[in-house]
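Reading through the structure tokens given below for one structure.
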There are 2 protein chains.
Amino acid sequence: MTGSDLPTVDTVILGATVLTSTTRPAPGYPDLPQEDKAARGTVTFLADHAIGIANGVISWVVPSASVPAAVLDAARERVDAVGMVAFPGLMNGHTHSPMTMFRGSAEDVSTHDWFSKYIWPMEVNLTDRDVYLGAKLAIGEMLLGGVTAFADHYFATEQIARAVEETGARALLASTFFSSEGAEGIGRSARFAEEWNGAAGGRITTAMGPHATYTVDDADLERTAAHAARLGIRTHIHAAESISQTESSLTKRGVTPVQVLHDTGILATGAIIAHGAGIVESDIEWLSPYADRVGVPVCSKVYMKHAHPTTPVRVLHDAGITVGIGTDGPASHNTLDMFESLRMMSLKQKDAALDATWLTSAHALDLATRQSAATFGLGDVLGAILPGYQADIVLLDPSGPHMQPMHDLAAALVLSARASDVRTVLVAGEVVVRDGKLTRFDVSEAIAELNARIPELTDRTKGTIQNYAP
Amino acid sequence: MTGSDLPTVDTVILGATVLTSTTRPAPGYPDLPQEDKAARGTVTFLADHAIGIANGVISWVVPSASVPAAVLDAARERVDAVGMVAFPGLMNGHTHSPMTMFRGSAEDVSTHDWFSKYIWPMEVNLTDRDVYLGAKLAIGEMLLGGVTAFADHYFATEQIARAVEETGARALLASTFFSSEGAEGIGRSARFAEEWNGAAGGRITTAMGPHATYTVDDADLERTAAHAARLGIRTHIHAAESISQTESSLTKRGVTPVQVLHDTGILATGAIIAHGAGIVESDIEWLSPYADRVGVPVCSKVYMKHAHPTTPVRVLHDAGITVGIGTDGPASHNTLDMFESLRMMSLKQKDAALDATWLTSAHALDLATRQSAATFGLGDVLGAILPGYQADIVLLDPSGPHMQPMHDLAAALVLSARASDVRTVLVAGEVVVRDGKLTRFDVSEAIAELNARIPELTDRTKGTIQNYAP
């Protein structure tokens, strides 16, 4: 495409350094000479480029100087991005967004106490409005930090969907259920998934939402897989969250949580396996046949905070399994900051492998973009700034003193950048953050109401949702 | 002190939630019931308080409503801090500030390659101006992020001192030397320490700067201790940076690096032991007698990035040894962000101990304030907002969506806050950052010049400073 035949578009982003796409590194690459950059994954940055967007979809990515004046004049929206870095919107692969309301309410406690003494007794107090406000606050935090999409797993999911519709974000929503609820739980999850898939102009997609392999029984998991097959969607589930869960499953029933997902048909219909810190080498046998439809979002900060070993990303990588990045809920992660999640993942993986050459910044950016999109099941429309992809784009200002001078832009994005460096965010071509401010809504009302709700929300005397006994 | 006899002051900070001081938790506290908060260390926050400052020193901390109008009127500077959190300026316990110039220049490589293939061959290219500009950029980044003081260890230290004088920051400066330089190295370090101690109106203090126990021999360490005793200063030195260094020292000479510090008299005259990730249980015998004058600044992000086990903070804590927090140089840490350093330390310590109840946010804040000040040897004048302490104060805005709603302010400061939430910073009573902007200088010239210097700075063909062979 040359300047003269460049189609007119409704939006042009002009003058950015564009991260167009990443390539996944070859398995086993840390054993190769360090100079073999291609084998370590690559990130393609294009200096001073323009991005044309029509009807929410990227139309072209070309040198800024090659955009004819007529095309610029025809655009309804022109975003000056000189000096900015443009990259695909970050995708939070696993969260419970409304749990902003519990941020900081269960600190310095064991996983058992976190669930059984704090979170599940507090969640008895939830109202629909709490969930709506919690989600809205979460979306505000995420959009301001360059997170354009999130995979959510929670209660009162219609309230989250309403917040997504209103705020302009993108989400993959799953309605959480437990087998202890009987048929009502799974029925609610399936009805939600059917009714809301494709809503908000396609910005909402859905998944089935069984809570976990230790709270949903095999019969319900088989029913879940049948619903997922019928609806053509994936299942988002907590499984092998820690090695102690895997050990407990082996002791109690002789199979790992991942084998349970395999045997009940969950993997075959496509799965988002939240955490996977308890995945063991033998699980690769179950995962490999479904490598094209399974993803594991990793929430590294939470595993450190809750003091258990992290996800074996290297084992998954070498087996060709897709790995995404997430925050988990803000009651455990304390933020919804995907720069933080990306950085913690990068550092914790080197730390766990005792290998500083493993998981380069280029590789980390592949996880944050293409592999995250694939985890959502949306790898052909999200995760790259290429023609035909959805225009979910972040513009970040790299001029702050904490990023300068600039030797290595990939390293700077992974190890130096902050959420507060994000200036402009587009979702499906719409500018939802401009000059560091939300364009569609503000979060002050949600913050004020949720602060006033703290005494009631933190009352732990009203019963509980579950007891933690994986 | 009541309102009527409150002394007039030159500066009043009005309406803040004030972190006045922390208390160190009792040894062994994680074994106590979780409800025993006092044993886990405490943070004292005072709502809606005013801080009076005269001649750079805190005069009083009282409820805002009790400040008479006459005292307000008499103040030259009145800082509106309604809605802000005030806490003691963060102190970077170990860095090489001018290495901003190498930020991102040696990525995804082993510790050996980082030193021998990248950093030491590149440092051959340094000019005095590079060091001055690198330090100035670093100070800009640190002040904007609430870091009021830093302990630096580098070459051309006069250039760093000049940058400290001009920018209004506080620093503890040590001139790095190797035994390979002969008498000239240690002589230069001692001359610098003597000439500059107390400079910049007391904002500069000094330390002796032997590089490490593996690059400075025992005779020079003994001479270093003699200089330190003569000058009444501490020694800042890399020692036991990793467990492999400790093992190497045991193999080569039968003693740990910490015992070397003991046997050469370095501990007796007071030491800042950079990193200490290789400290072993038996080292406590050498450290304990000098617990009143030894501190270990921990730079957790760097150990993860360079893929070696972290500092045994729990062992040090239980022995009563002071632990501070640092960033190390930005060529390894990629930022000079002490919120990041604090957070990584907190998370990595839980991770290493496999104990989520260990190192609470209250404890982490004690490391970031009182223990950091003690590491500098300035625990009686810095690290708390109390009468008689130096007015090094940070005002942070906690209203951002990533910190709300507010259940737990200590957890929010450690696990949610960002450097970009800092609004106002005072050093020795002077406002050096106001509304998120530097008041005395800007860093744009340093950034532009250092970016232009990258081709020459990264030329690795001119020789080397040292070879890494600990």
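By order of appearance in the structure tokens: chains A, B, ..., then residues from 1 within every chain, and ligands from 1 in the order shown.
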Long-range neighbours of range 154-157 of chain A as a PDB file with C-alpha atoms, in the first residue's frame, 10 Å cut-off, only C-alpha atoms, 4 positions minimum in chain:
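To be explicit, this is the file written out as around.pdb:
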```pdb
ATOM      1  CA  THR A  95      -9.223 -11.069  37.572  1.00  0.00           C
ATOM      2  CA  HIS A  96     -12.220 -10.530  39.817  1.00  0.00           C
ATOM      3  CA  SER A  97     -12.656  -6.869  39.049  1.00  0.00           C
ATOM      4  CA  PRO A  98     -15.352  -5.989  41.618  1.00  0.00           C
ATOM      5  CA  MET A  99     -12.977  -7.021  44.398  1.00  0.00           C
ATOM      6  CA  GLU A 123     -18.543 -11.738  50.206  1.00  0.00           C
ATOM      7  CA  LEU A 126     -22.282  -8.167  48.547  1.00  0.00           C
ATOM      8  CA  THR A 127     -25.088  -6.305  46.821  1.00  0.00           C
ATOM      9  CA  ASP A 128     -25.544  -5.902  43.075  1.00  0.00           C
ATOM     10  CA  ARG A 129     -24.625  -2.261  43.470  1.00  0.00           C
ATOM     11  CA  ASP A 130     -21.339  -3.144  45.212  1.00  0.00           C
ATOM     12  CA  VAL A 131     -20.428  -5.356  42.276  1.00  0.00           C
ATOM     13  CA  TYR A 132     -21.361  -2.684  39.746  1.00  0.00           C
ATOM     14  CA  ALA A 135     -16.266  -3.217  38.529  1.00  0.00           C
ATOM     15  CA  ALA A 161     -21.378  -6.461  31.968  1.00  0.00           C
ATOM     16  CA  ARG A 162     -23.332  -3.253  32.579  1.00  0.00           C
ATOM     17  CA  ALA A 163     -20.133  -1.530  33.735  1.00  0.00           C
ATOM     18  CA  LEU A 173     -16.945 -12.490  31.416  1.00  0.00           C
ATOM     19  CA  ALA A 174     -17.683 -15.688  33.314  1.00  0.00           C
ATOM     20  CA  SER A 175     -20.335 -16.120  35.997  1.00  0.00           C
ATOM     21  CA  THR A 176     -18.792 -17.998  38.935  1.00  0.00           C
ATOM     22  CA  PHE A 177     -20.581 -21.069  40.296  1.00  0.00           C
ATOM     23  CA  ARG A 188     -27.006 -19.265  35.862  1.00  0.00           C
ATOM     24  CA  SER A 189     -23.471 -19.412  34.459  1.00  0.00           C
ATOM     25  CA  PHE A 192     -25.266 -15.528  31.394  1.00  0.00           C
ATOM     26  CA  ALA A 193     -22.769 -16.864  28.858  1.00  0.00           C
ATOM     27  CA  TRP A 196     -24.199 -11.767  26.881  1.00  0.00           C
ATOM     28  CA  GLY A 209     -17.333 -20.004  35.061  1.00  0.00           C
ATOM     29  CA  HIS A 211     -15.036 -21.804  40.363  1.00  0.00           C
ATOM     30  CA  GLY A 329      -8.452  -9.793  42.072  1.00  0.00           C
TER      31      GLY A 329
END
```
**Study point:** Spatial neighbours of range 244-257 of chain B, max dist 10 Å, only C-alpha atoms, sep filter under 6 positions, as a ChimeraX atom specification
**Key:** /B:212-214,238,263,276-280,282-283,308-309,469-470
Can you spit out the residues from that selection as a tab-separated table (two decimals), in the first residue's frame, using C-alpha atoms?
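Ended up saving to out_14.tsv:
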```
chain	number	residue	atom	x	y	z
B	212	ALA	CA	34.09	-5.29	47.44
B	213	THR	CA	35.76	-7.95	49.52
B	214	TYR	CA	36.83	-9.66	46.28
B	238	HIS	CA	29.70	-4.71	48.39
B	263	ASP	CA	38.59	-9.45	60.76
B	276	GLY	CA	24.20	-9.33	51.77
B	277	ALA	CA	22.29	-11.93	49.77
B	278	GLY	CA	25.15	-14.30	50.56
B	279	ILE	CA	24.97	-13.78	54.33
B	280	VAL	CA	24.78	-17.16	56.08
B	282	SER	CA	27.19	-18.31	60.89
B	283	ASP	CA	27.80	-14.67	59.90
B	308	HIS	CA	20.12	-15.53	42.57
B	309	PRO	CA	18.58	-16.05	46.00
B	469	ALA	CA	36.12	-13.23	39.50
B	470	PRO	CA	34.84	-13.11	43.08
```
Revision key, fill the gap. Between B:Ile160, B:Leu450, B:Ala373, B:Ala364, smallest distance to Leu415 in chain B by only C-alpha atoms belongs to B:Ala364
Point to revise | For range 423-427 of chain A: contacts at 8 Å, only C-alpha atoms, fewer than 6 positions along chain excluded, given as a PyMOL selection string | key: chain A and resi 56+89+143-144+146+148+168-170+390-397+433-437
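With only C-alpha atoms as the atoms that count, the residue of B:Ala356, B:Val18, B:Leu287, B:Val294 with the shortest distance to Val43 in chain B is B:Val18.
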Exercise for review: Can you check which residues of range 137-301 of chain B DSSP gives as helix (DSSP H, G or I) on the backbone and send them as an MDAnalysis selection string?
Suggested key: chainID B and resid 137:144 157:167 179:181 183:196 200:202 218:231 243:253 257:263 281:290 300:301
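Proximity to chain A was assessed for B:Arg103, B:His363, B:His317, B:Arg234 counting only C-alpha atoms; the smallest distance is recorded for B:Arg103.
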Practice item. Tell me which protein, DNA and RNA residues are within 9 Å of Tyr303 in chain A, counting only C-alpha atoms, leaving out same-chain ones fewer than 2 positions away, and put them as an MDAnalysis selection string. Key: (chainID A and resid 242 275 277 299:301 305:311) or (chainID B and resid 347 351)
Using only C-alpha atoms, please write the residues we just selected to a file, as an mmCIF file, in the first residue's frame.
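Output saved as selection11.cif:
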```
data_model
loop_
_atom_site.group_PDB
_atom_site.id
_atom_site.type_symbol
_atom_site.label_atom_id
_atom_site.label_comp_id
_atom_site.auth_asym_id
_atom_site.auth_seq_id
_atom_site.Cartn_x
_atom_site.Cartn_y
_atom_site.Cartn_z
ATOM 1 C CA SER A 242 -0.625 -24.002 43.842
ATOM 2 C CA HIS A 275 -2.783 -19.562 37.824
ATOM 3 C CA ALA A 277 1.184 -22.648 39.675
ATOM 4 C CA CYS A 299 -0.513 -13.573 38.306
ATOM 5 C CA SER A 300 2.996 -13.589 39.763
ATOM 6 C CA LYS A 301 2.600 -10.900 42.437
ATOM 7 C CA LYS A 305 2.334 -12.386 48.392
ATOM 8 C CA HIS A 306 0.600 -15.642 49.273
ATOM 9 C CA ALA A 307 3.985 -17.334 49.566
ATOM 10 C CA HIS A 308 3.832 -20.281 47.228
ATOM 11 C CA PRO A 309 5.930 -21.268 44.210
ATOM 12 C CA THR A 310 5.068 -19.665 40.886
ATOM 13 C CA THR A 311 3.730 -21.055 37.595
ATOM 14 C CA LEU B 347 6.852 -9.781 48.263
ATOM 15 C CA ASP B 351 8.064 -15.786 48.744
#
```
Review point. Which parts of range 34-136 of chain A does DSSP call strand (DSSP E) when run on the backbone here, written out as an MDAnalysis selection string?
Key: chainID A and resid 42:54 57:63 77:80 85:88 90:95
Export N, CA and C atoms of the chosen residues as a short mmCIF file (atom, residue, chain, number, x, y, z; two decimals), in the first residue's frame?
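Saved to again_32.cif:
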```cif
data_model
loop_
_atom_site.label_atom_id
_atom_site.label_comp_id
_atom_site.auth_asym_id
_atom_site.auth_seq_id
_atom_site.Cartn_x
_atom_site.Cartn_y
_atom_site.Cartn_z
N THR A 42 11.16 -11.87 19.16
CA THR A 42 11.46 -10.51 18.71
C THR A 42 10.25 -9.61 18.90
N VAL A 43 10.54 -8.33 18.98
CA VAL A 43 9.51 -7.30 19.03
C VAL A 43 9.81 -6.36 17.88
N THR A 44 8.83 -6.10 17.06
CA THR A 44 9.05 -5.20 15.94
C THR A 44 8.54 -3.80 16.28
N PHE A 45 9.48 -2.85 16.39
CA PHE A 45 9.11 -1.45 16.60
C PHE A 45 9.34 -0.69 15.30
N LEU A 46 8.38 0.11 14.91
CA LEU A 46 8.51 0.95 13.71
C LEU A 46 8.52 2.41 14.16
N ALA A 47 9.59 3.13 13.82
CA ALA A 47 9.71 4.53 14.25
C ALA A 47 8.85 5.44 13.39
N ASP A 48 8.27 6.44 14.01
CA ASP A 48 7.50 7.49 13.33
C ASP A 48 6.51 6.91 12.32
N HIS A 49 5.62 6.09 12.80
CA HIS A 49 4.60 5.49 11.96
C HIS A 49 3.20 6.03 12.30
N ALA A 50 2.31 5.85 11.35
CA ALA A 50 0.93 6.25 11.54
C ALA A 50 0.05 5.00 11.49
N ILE A 51 -1.03 5.05 12.28
CA ILE A 51 -1.99 3.95 12.32
C ILE A 51 -3.34 4.50 11.87
N GLY A 52 -3.91 3.89 10.84
CA GLY A 52 -5.23 4.28 10.37
C GLY A 52 -6.28 3.30 10.89
N ILE A 53 -7.40 3.83 11.38
CA ILE A 53 -8.44 3.00 11.99
C ILE A 53 -9.79 3.35 11.36
N ALA A 54 -10.50 2.32 10.92
CA ALA A 54 -11.85 2.54 10.36
C ALA A 54 -12.82 1.59 11.05
N VAL A 57 -11.45 -0.93 13.52
CA VAL A 57 -10.48 -1.92 13.07
C VAL A 57 -9.27 -1.21 12.45
N ILE A 58 -8.07 -1.75 12.71
CA ILE A 58 -6.86 -1.15 12.14
C ILE A 58 -6.86 -1.39 10.63
N SER A 59 -6.72 -0.32 9.88
CA SER A 59 -6.76 -0.38 8.42
C SER A 59 -5.35 -0.45 7.84
N TRP A 60 -4.45 0.35 8.38
CA TRP A 60 -3.08 0.35 7.89
C TRP A 60 -2.12 0.89 8.95
N VAL A 61 -0.85 0.51 8.80
CA VAL A 61 0.25 1.01 9.65
C VAL A 61 1.37 1.38 8.68
N VAL A 62 1.64 2.66 8.54
CA VAL A 62 2.58 3.13 7.51
C VAL A 62 3.45 4.26 8.07
N PRO A 63 4.58 4.56 7.44
CA PRO A 63 5.38 5.71 7.89
C PRO A 63 4.52 6.98 7.89
N GLU A 77 -10.95 11.89 13.78
CA GLU A 77 -10.10 11.99 14.97
C GLU A 77 -8.65 11.85 14.56
N ARG A 78 -7.83 12.82 14.95
CA ARG A 78 -6.41 12.72 14.67
C ARG A 78 -5.65 12.80 16.00
N VAL A 79 -4.92 11.76 16.35
CA VAL A 79 -4.22 11.70 17.64
C VAL A 79 -2.73 11.96 17.39
N ASP A 80 -2.26 13.07 17.95
CA ASP A 80 -0.83 13.38 17.83
C ASP A 80 -0.06 12.47 18.78
N VAL A 85 5.08 5.85 22.43
CA VAL A 85 5.17 4.45 22.00
C VAL A 85 3.75 3.91 21.92
N ALA A 86 3.39 3.32 20.77
CA ALA A 86 2.08 2.69 20.64
C ALA A 86 2.26 1.18 20.76
N PHE A 87 1.43 0.56 21.59
CA PHE A 87 1.48 -0.91 21.67
C PHE A 87 0.07 -1.46 21.86
N PRO A 88 -0.11 -2.77 21.61
CA PRO A 88 -1.46 -3.33 21.74
C PRO A 88 -1.96 -3.21 23.18
N LEU A 90 -3.16 -3.78 26.78
CA LEU A 90 -2.83 -4.89 27.68
C LEU A 90 -4.10 -5.65 28.04
N MET A 91 -3.98 -6.96 28.19
CA MET A 91 -5.15 -7.82 28.44
C MET A 91 -4.94 -8.56 29.76
N ASN A 92 -5.78 -8.25 30.71
CA ASN A 92 -5.69 -8.87 32.04
C ASN A 92 -6.37 -10.24 31.98
N GLY A 93 -5.56 -11.28 31.96
CA GLY A 93 -6.06 -12.63 31.66
C GLY A 93 -6.81 -13.31 32.77
N HIS A 94 -6.78 -12.76 33.96
CA HIS A 94 -7.55 -13.35 35.06
C HIS A 94 -7.73 -12.34 36.17
N THR A 95 -8.97 -11.97 36.45
CA THR A 95 -9.22 -11.07 37.57
C THR A 95 -10.63 -11.28 38.11
#
```
Exercise for review: Using only C-alpha atoms, determine which residues lie at most 8 Å from Glu141 in chain B, disregarding the query and same-chain residues fewer than 3 positions distant; provide the list as a PyMOL selection string.
Suggested key: (chain A and resi 401-402) or (chain B and resi 137-138+144-145+336-337)
Fewer than 6 positions away in the same chain doesn't count, so skip those; otherwise give me all residues within 12 Å of Glu285 in chain A, counting only C-alpha atoms, as a PDB file with N, CA and C atoms, in the first residue's frame.
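Writing done, so here's part37.pdb:
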```pdb
ATOM      1  N   THR A 256      -4.215 -35.231  38.988  1.00  0.00           N
ATOM      2  CA  THR A 256      -3.921 -33.806  39.156  1.00  0.00           C
ATOM      3  C   THR A 256      -5.146 -32.995  38.719  1.00  0.00           C
ATOM      4  N   VAL A 258      -5.222 -30.739  36.531  1.00  0.00           N
ATOM      5  CA  VAL A 258      -5.207 -30.610  35.064  1.00  0.00           C
ATOM      6  C   VAL A 258      -5.762 -31.884  34.415  1.00  0.00           C
ATOM      7  N   GLN A 259      -5.461 -33.030  34.995  1.00  0.00           N
ATOM      8  CA  GLN A 259      -6.058 -34.262  34.444  1.00  0.00           C
ATOM      9  C   GLN A 259      -7.578 -34.235  34.610  1.00  0.00           C
ATOM     10  N   HIS A 262      -8.870 -32.373  31.840  1.00  0.00           N
ATOM     11  CA  HIS A 262      -8.812 -33.209  30.637  1.00  0.00           C
ATOM     12  C   HIS A 262      -9.947 -34.234  30.628  1.00  0.00           C
ATOM     13  N   LEU A 267     -10.747 -29.229  28.751  1.00  0.00           N
ATOM     14  CA  LEU A 267      -9.637 -28.821  27.869  1.00  0.00           C
ATOM     15  C   LEU A 267     -10.049 -28.898  26.395  1.00  0.00           C
ATOM     16  N   ILE A 279       0.853 -26.708  38.196  1.00  0.00           N
ATOM     17  CA  ILE A 279       1.033 -27.582  37.036  1.00  0.00           C
ATOM     18  C   ILE A 279       2.367 -28.319  37.179  1.00  0.00           C
ATOM     19  N   ALA A 291      -3.163 -27.473  22.819  1.00  0.00           N
ATOM     20  CA  ALA A 291      -2.330 -26.269  22.880  1.00  0.00           C
ATOM     21  C   ALA A 291      -2.929 -25.130  22.065  1.00  0.00           C
ATOM     22  N   VAL A 315       8.330 -24.679  31.574  1.00  0.00           N
ATOM     23  CA  VAL A 315       7.793 -25.985  31.177  1.00  0.00           C
ATOM     24  C   VAL A 315       6.663 -25.792  30.157  1.00  0.00           C
ATOM     25  N   LEU A 316       5.777 -24.851  30.422  1.00  0.00           N
ATOM     26  CA  LEU A 316       4.668 -24.580  29.502  1.00  0.00           C
ATOM     27  C   LEU A 316       5.197 -24.079  28.162  1.00  0.00           C
ATOM     28  N   ALA A 319       6.656 -26.677  25.983  1.00  0.00           N
ATOM     29  CA  ALA A 319       5.624 -27.567  25.440  1.00  0.00           C
ATOM     30  C   ALA A 319       4.700 -26.851  24.452  1.00  0.00           C
ATOM     31  N   GLY A 320       4.951 -25.558  24.233  1.00  0.00           N
ATOM     32  CA  GLY A 320       4.131 -24.824  23.275  1.00  0.00           C
ATOM     33  C   GLY A 320       2.772 -24.397  23.817  1.00  0.00           C
ATOM     34  N   ILE A 321       2.607 -24.405  25.139  1.00  0.00           N
ATOM     35  CA  ILE A 321       1.340 -23.968  25.746  1.00  0.00           C
ATOM     36  C   ILE A 321       1.359 -22.444  25.908  1.00  0.00           C
TER      37      ILE A 321
END
```
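Computed from the coordinates, the CA of Thr322 in chain B to CA of Asp218 in chain B distance equals 24.8 Å.
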